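Asks: My questions will all concern the structure given below.
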Amino acid sequence: MPPASRRRRPTIDDVAAVAGVSRGTVSRVLNGGRYVSTAALAAVQRAVVETGYVANSSARSLATSRSGAVAFVLTEPQERLFEDPNFHVLLRSCTQALAERDLVLMLLLAGSAAEHQRVLRFLRGRHVDGMLLVSTHLGDPLVAEASRSGLPVVAAGRPLGHEHDVRSVAADDRGGARAMVEHLVARGRRRVTTVAGPQDTSGGVERLAGYFDVVGRRARAVDVVAADGWTHAAGERAMARLLEQVPDLDAVFVASDLMASGALAALRRAGREVPGDVAVGGFDDSRVAVQVDPPLTTVRQPLVEVGRRMVDLLLAQIAGEAEVEPAVLPTELVVRAST
């Protein structure tokens with residue numbers, strides 16, 4: 001008998017012979033079991049176990065015109081993947097949801113012009129069945145190309161400029177921001193300011209709109225500073241500028257927890273106590289919120305559910321199901337010591 005390493009791998013014909021059915025019946029079972037009787041289905045399943053047959057995924061891809069893979073495209077510099085805990089949560093959630101369907105997730109980074117071009121070439125080659133777009137920016141050519149390509153696409157958050165041609169799943173950014181600012185006002189704070197997120201992103205736009213929903217005409221232009229990124233350093237720079245513009249501020253809503261950690265550092269350097277002198281609120285309820293001192297009052301967005309819903313919408317689109325409305329998931333105010 002030849003060594004195990006040199007034995008012939010069982011084929012679909014071997015499965016058919018053991019099951020006592022045709023090769024076509026085995027193929028239909030392996031590709032979803034449609035139009036197969038219960039008895040034949042059971043016989044093929046037993047034969048697969050008995051023969052040790054493993055489906056050839058490459059051959060199946062050729063037969064179905066599907067790759068069995070989905071791209072997770074992050075349109076941010078590589079370091080953001082490791083700095084921002086939100087991306088870890090989304091990536092893990094999407095990976096798990098796809099694994100439950102026996103599908104593979106491929107991580108693609110598009111944080112520079114050169115990376116954009118590589119990703120675009122990859123997507124044009126149809127090496128994946130669909131794309132999950134994360135952290136899109138207004139005017140991003142990748143979003144425009146995805147929308148024109150016909151490749152199934154779902155974005156995390158509204159893709160600005162493409163709201164009507166790219167499906168999306170988002171937390172209720174505006175409602176969450178509104179709840180936070182209402183909380184600061186209810187705490188008796190009279191000069192409520194904000195460090196807004198980048199205004200070329202849907203999160204930045206929506207959370208600033210939630211701030212204005214509450215403050216309205218009371219806000220002055222100097223009460224708002226838009227950060228140049230969703231990072232600790234960007235939050236620190238924006239907070240320092242806000243203190244220069246509004247030295248008597250007594251509250252600040254910062255559009256993300258990571259940015260809020262930078263804002264806390266700027267306030268500490270300026271000698272301001274939190275929450276005694278300045279109440280600080282964030283957004284996300286990431287691990288950063290409980291690591292900073294004092295722990296951060298924030299808005300919890302359901303990122304695990306966002307990731308799972310993105311996968312559900314993408315797979316529905318791949319399957320050719322009818323268009324659906326964008327999904328907006330509720331947020332929750334979480335009160336801690338910073339306010």
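Chain identifiers are assigned as A, B, and so on, following the order in which chains appear in the structure tokens; residues are numbered from 1 within each chain, and ligands are numbered from 1 in order of appearance.
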Would you mind listing, for every residue of region 230-300 of chain A within 8 Å of region 193-215 of chain A, the two atoms forming the shortest contact and the distance between them in Å to one decimal, using only C-alpha atoms, sorted by chain and ascending residue number, as JSON lines?
Replies:
```
{"residue": "A:Trp230", "atom": "CA", "partner": "A:Gly197", "partner_atom": "CA", "distance": 6.4}
{"residue": "A:Gly235", "atom": "CA", "partner": "A:Val195", "partner_atom": "CA", "distance": 7.2}
{"residue": "A:Ala238", "atom": "CA", "partner": "A:Val195", "partner_atom": "CA", "distance": 6.4}
{"residue": "A:Met239", "atom": "CA", "partner": "A:Val195", "partner_atom": "CA", "distance": 6.7}
{"residue": "A:Leu242", "atom": "CA", "partner": "A:Val195", "partner_atom": "CA", "distance": 7.7}
{"residue": "A:Leu249", "atom": "CA", "partner": "A:Thr193", "partner_atom": "CA", "distance": 6.8}
{"residue": "A:Ala251", "atom": "CA", "partner": "A:Thr193", "partner_atom": "CA", "distance": 6.1}
{"residue": "A:Val252", "atom": "CA", "partner": "A:Thr193", "partner_atom": "CA", "distance": 4.7}
{"residue": "A:Phe253", "atom": "CA", "partner": "A:Thr194", "partner_atom": "CA", "distance": 4.6}
{"residue": "A:Val254", "atom": "CA", "partner": "A:Val195", "partner_atom": "CA", "distance": 4.7}
{"residue": "A:Ala255", "atom": "CA", "partner": "A:Ala196", "partner_atom": "CA", "distance": 5.3}
{"residue": "A:Ser256", "atom": "CA", "partner": "A:Gly197", "partner_atom": "CA", "distance": 7.5}
```
Asks: Enumerate, in order of chain and increasing residue number, the residues of region 34-128 of chain A with an atom no farther than 9 Å from region 302-309 of chain A, each with its shortest atom pair and distance in Å to one decimal, counting only C-alpha atoms, as a Markdown table.
Replies:
```
| residue | atom | partner | partner_atom | distance |
| --- | --- | --- | --- | --- |
| A:Asn86 | CA | A:Leu303 | CA | 7.4 |
| A:Val89 | CA | A:Val304 | CA | 6.4 |
| A:Leu90 | CA | A:Gly307 | CA | 5.3 |
| A:Leu91 | CA | A:Gly307 | CA | 7.5 |
| A:Arg92 | CA | A:Val304 | CA | 8.1 |
| A:Ser93 | CA | A:Gly307 | CA | 5.2 |
| A:Cys94 | CA | A:Gly307 | CA | 5.0 |
| A:Thr95 | CA | A:Gly307 | CA | 8.7 |
| A:Gln96 | CA | A:Arg308 | CA | 8.3 |
| A:Ala97 | CA | A:Arg308 | CA | 5.8 |
| A:Leu98 | CA | A:Arg308 | CA | 8.6 |
```
Asks: Could the residues in this selection be saved with all heavy atoms as a PDB file, in the first residue's frame?
Replies:
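Result file part.pdb:
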```
ATOM      1  N   ASN A  86     -11.905  50.949  17.448  1.00  0.00           N
ATOM      2  CA  ASN A  86     -13.145  50.721  16.704  1.00  0.00           C
ATOM      3  C   ASN A  86     -12.924  49.811  15.502  1.00  0.00           C
ATOM      4  O   ASN A  86     -13.772  48.967  15.178  1.00  0.00           O
ATOM      5  CB  ASN A  86     -13.735  52.044  16.230  1.00  0.00           C
ATOM      6  CG  ASN A  86     -14.251  52.887  17.374  1.00  0.00           C
ATOM      7  OD1 ASN A  86     -14.594  52.370  18.427  1.00  0.00           O
ATOM      8  ND2 ASN A  86     -14.295  54.186  17.182  1.00  0.00           N
ATOM      9  N   VAL A  89     -12.830  46.140  16.497  1.00  0.00           N
ATOM     10  CA  VAL A  89     -14.148  45.583  16.783  1.00  0.00           C
ATOM     11  C   VAL A  89     -14.891  45.277  15.485  1.00  0.00           C
ATOM     12  O   VAL A  89     -15.472  44.194  15.321  1.00  0.00           O
ATOM     13  CB  VAL A  89     -14.966  46.551  17.655  1.00  0.00           C
ATOM     14  CG1 VAL A  89     -16.384  46.015  17.871  1.00  0.00           C
ATOM     15  CG2 VAL A  89     -14.286  46.763  19.001  1.00  0.00           C
ATOM     16  N   LEU A  90     -14.889  46.217  14.544  1.00  0.00           N
ATOM     17  CA  LEU A  90     -15.567  46.002  13.264  1.00  0.00           C
ATOM     18  C   LEU A  90     -14.945  44.840  12.494  1.00  0.00           C
ATOM     19  O   LEU A  90     -15.657  43.999  11.934  1.00  0.00           O
ATOM     20  CB  LEU A  90     -15.489  47.267  12.411  1.00  0.00           C
ATOM     21  CG  LEU A  90     -16.628  48.269  12.508  1.00  0.00           C
ATOM     22  CD1 LEU A  90     -16.357  49.450  11.591  1.00  0.00           C
ATOM     23  CD2 LEU A  90     -17.963  47.630  12.160  1.00  0.00           C
ATOM     24  N   LEU A  91     -13.629  44.801  12.468  1.00  0.00           N
ATOM     25  CA  LEU A  91     -12.933  43.742  11.731  1.00  0.00           C
ATOM     26  C   LEU A  91     -13.262  42.379  12.314  1.00  0.00           C
ATOM     27  O   LEU A  91     -13.567  41.425  11.582  1.00  0.00           O
ATOM     28  CB  LEU A  91     -11.421  43.998  11.777  1.00  0.00           C
ATOM     29  CG  LEU A  91     -10.521  43.018  11.028  1.00  0.00           C
ATOM     30  CD1 LEU A  91     -10.860  42.992   9.548  1.00  0.00           C
ATOM     31  CD2 LEU A  91      -9.056  43.381  11.234  1.00  0.00           C
ATOM     32  N   ARG A  92     -13.239  42.266  13.642  1.00  0.00           N
ATOM     33  CA  ARG A  92     -13.548  40.995  14.289  1.00  0.00           C
ATOM     34  C   ARG A  92     -15.000  40.593  14.044  1.00  0.00           C
ATOM     35  O   ARG A  92     -15.291  39.425  13.750  1.00  0.00           O
ATOM     36  CB  ARG A  92     -13.263  41.101  15.786  1.00  0.00           C
ATOM     37  CG  ARG A  92     -13.465  39.781  16.532  1.00  0.00           C
ATOM     38  CD  ARG A  92     -12.993  39.861  17.973  1.00  0.00           C
ATOM     39  NE  ARG A  92     -13.754  40.833  18.738  1.00  0.00           N
ATOM     40  CZ  ARG A  92     -13.262  41.980  19.212  1.00  0.00           C
ATOM     41  NH1 ARG A  92     -12.001  42.316  18.963  1.00  0.00           N
ATOM     42  NH2 ARG A  92     -14.020  42.803  19.916  1.00  0.00           N
ATOM     43  N   SER A  93     -15.907  41.547  14.152  1.00  0.00           N
ATOM     44  CA  SER A  93     -17.327  41.251  13.961  1.00  0.00           C
ATOM     45  C   SER A  93     -17.598  40.756  12.539  1.00  0.00           C
ATOM     46  O   SER A  93     -18.311  39.763  12.332  1.00  0.00           O
ATOM     47  CB  SER A  93     -18.161  42.496  14.250  1.00  0.00           C
ATOM     48  OG  SER A  93     -19.526  42.277  13.981  1.00  0.00           O
ATOM     49  N   CYS A  94     -17.050  41.442  11.549  1.00  0.00           N
ATOM     50  CA  CYS A  94     -17.254  41.040  10.147  1.00  0.00           C
ATOM     51  C   CYS A  94     -16.615  39.686   9.868  1.00  0.00           C
ATOM     52  O   CYS A  94     -17.199  38.847   9.164  1.00  0.00           O
ATOM     53  CB  CYS A  94     -16.679  42.093   9.207  1.00  0.00           C
ATOM     54  SG  CYS A  94     -17.560  43.668   9.215  1.00  0.00           S
ATOM     55  N   THR A  95     -15.424  39.455  10.416  1.00  0.00           N
ATOM     56  CA  THR A  95     -14.743  38.171  10.204  1.00  0.00           C
ATOM     57  C   THR A  95     -15.573  37.027  10.755  1.00  0.00           C
ATOM     58  O   THR A  95     -15.743  35.988  10.102  1.00  0.00           O
ATOM     59  CB  THR A  95     -13.356  38.190  10.878  1.00  0.00           C
ATOM     60  OG1 THR A  95     -12.568  39.248  10.321  1.00  0.00           O
ATOM     61  CG2 THR A  95     -12.634  36.871  10.661  1.00  0.00           C
ATOM     62  N   GLN A  96     -16.105  37.199  11.954  1.00  0.00           N
ATOM     63  CA  GLN A  96     -16.904  36.140  12.572  1.00  0.00           C
ATOM     64  C   GLN A  96     -18.186  35.885  11.797  1.00  0.00           C
ATOM     65  O   GLN A  96     -18.580  34.733  11.588  1.00  0.00           O
ATOM     66  CB  GLN A  96     -17.216  36.510  14.021  1.00  0.00           C
ATOM     67  CG  GLN A  96     -15.993  36.462  14.933  1.00  0.00           C
ATOM     68  CD  GLN A  96     -16.278  36.968  16.333  1.00  0.00           C
ATOM     69  OE1 GLN A  96     -17.280  37.652  16.573  1.00  0.00           O
ATOM     70  NE2 GLN A  96     -15.403  36.657  17.276  1.00  0.00           N
ATOM     71  N   ALA A  97     -18.850  36.969  11.370  1.00  0.00           N
ATOM     72  CA  ALA A  97     -20.103  36.806  10.627  1.00  0.00           C
ATOM     73  C   ALA A  97     -19.871  36.093   9.302  1.00  0.00           C
ATOM     74  O   ALA A  97     -20.692  35.265   8.876  1.00  0.00           O
ATOM     75  CB  ALA A  97     -20.755  38.169  10.394  1.00  0.00           C
ATOM     76  N   LEU A  98     -18.763  36.373   8.642  1.00  0.00           N
ATOM     77  CA  LEU A  98     -18.454  35.699   7.380  1.00  0.00           C
ATOM     78  C   LEU A  98     -18.048  34.250   7.608  1.00  0.00           C
ATOM     79  O   LEU A  98     -18.420  33.361   6.834  1.00  0.00           O
ATOM     80  CB  LEU A  98     -17.333  36.447   6.651  1.00  0.00           C
ATOM     81  CG  LEU A  98     -17.747  37.781   6.024  1.00  0.00           C
ATOM     82  CD1 LEU A  98     -16.527  38.605   5.649  1.00  0.00           C
ATOM     83  CD2 LEU A  98     -18.627  37.553   4.798  1.00  0.00           C
TER      84      LEU A  98
END
```
Asks: Could you give me, as CSV, a per-residue list for region 228-316 of chain A showing, wherever an atom lies at most 10 Å from an atom of region 123-142 of chain A, the closest pair of atoms and their distance in Å to one decimal, using only C-alpha atoms and sorting by chain then residue number from low to high?
Replies:
```
residue,atom,partner,partner_atom,distance
A:Gly307,CA,A:Leu132,CA,9.2
A:Met310,CA,A:Leu132,CA,7.2
A:Val311,CA,A:Leu132,CA,7.8
A:Leu313,CA,A:Leu132,CA,10.0
A:Leu314,CA,A:Gly130,CA,6.8
A:Leu315,CA,A:Gly130,CA,8.1
```
Asks: Save the residues we just selected, C-alpha atoms, as a PDB file, in the first residue's frame?
Replies:
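To be explicit, this is the file written out as selection_10.pdb:
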```pdb
ATOM      1  CA  GLY A 307     -20.374  44.707  11.472  1.00  0.00           C
ATOM      2  CA  MET A 310     -22.930  45.045   7.060  1.00  0.00           C
ATOM      3  CA  VAL A 311     -22.202  41.402   6.262  1.00  0.00           C
ATOM      4  CA  LEU A 313     -26.570  43.438   3.630  1.00  0.00           C
ATOM      5  CA  LEU A 314     -23.553  42.553   1.511  1.00  0.00           C
ATOM      6  CA  LEU A 315     -24.481  38.892   1.204  1.00  0.00           C
TER       7      LEU A 315
END
```
Asks: Per DSSP on the backbone, what are the strand (DSSP E) residues of region 108-238 of chain A, as a list in words?
Replies: Leu108, Leu109, Gly130, Met131, Leu132, Leu133, Val134, Val153, Val154, Ala155, Ala156, Arg167, Ser168, Val169, Ala170, Ala171, Val192, Thr193, Thr194, Val195, Ala196, Val224, Val225 and Ala226 of chain A
Asks: Pick from A:Ala279, A:Leu333, A:Val290, A:Met106: nearest to Ser67 (chain A), with only C-alpha atoms counted?
Replies: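 Result for the nearest residue to Ser67 (chain A): A:Met106.
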Asks: If we count only C-alpha atoms, what is near region 264-275 of chain A at a cut-off of 7 Å, once residues fewer than 5 positions away on the same chain are taken out, given as a compact mmCIF listing (two decimals) with N, CA, C and O atoms, in the first residue's frame?
Replies:
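Just written: around-v1.txt:
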```
# COMPACT_ATOMS: atom_id res chain seq x y z
N GLU A 236 -5.86 66.34 20.75
CA GLU A 236 -5.05 67.20 21.61
C GLU A 236 -4.81 68.56 20.96
O GLU A 236 -4.95 69.61 21.61
N MET A 239 -8.14 70.56 20.95
CA MET A 239 -8.52 71.05 22.28
C MET A 239 -7.67 72.24 22.69
O MET A 239 -8.18 73.21 23.29
N ALA A 240 -6.39 72.22 22.36
CA ALA A 240 -5.51 73.35 22.68
C ALA A 240 -5.99 74.61 21.95
O ALA A 240 -6.02 75.71 22.53
N VAL A 280 -16.19 66.68 30.19
CA VAL A 280 -15.77 66.16 28.88
C VAL A 280 -16.60 64.93 28.52
O VAL A 280 -16.72 63.99 29.32
N SER A 338 -16.20 61.72 33.97
CA SER A 338 -15.67 62.91 33.30
C SER A 338 -16.69 64.04 33.17
O SER A 338 -16.35 65.14 32.76
N THR A 339 -17.96 63.76 33.53
CA THR A 339 -18.97 64.83 33.50
C THR A 339 -19.63 64.99 34.87
O THR A 339 -20.62 65.67 34.99
```
Asks: What gap, in Å, lies between CA of Glu332 (chain A) and CA of Met259 (chain A)?
Replies: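 So the answer is 18.9 Å.
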Asks: What separation in Å, quoted to one decimal, exists between CA of Thr231 (chain A) and CA of Leu258 (chain A)?
Replies: 5.8 Å
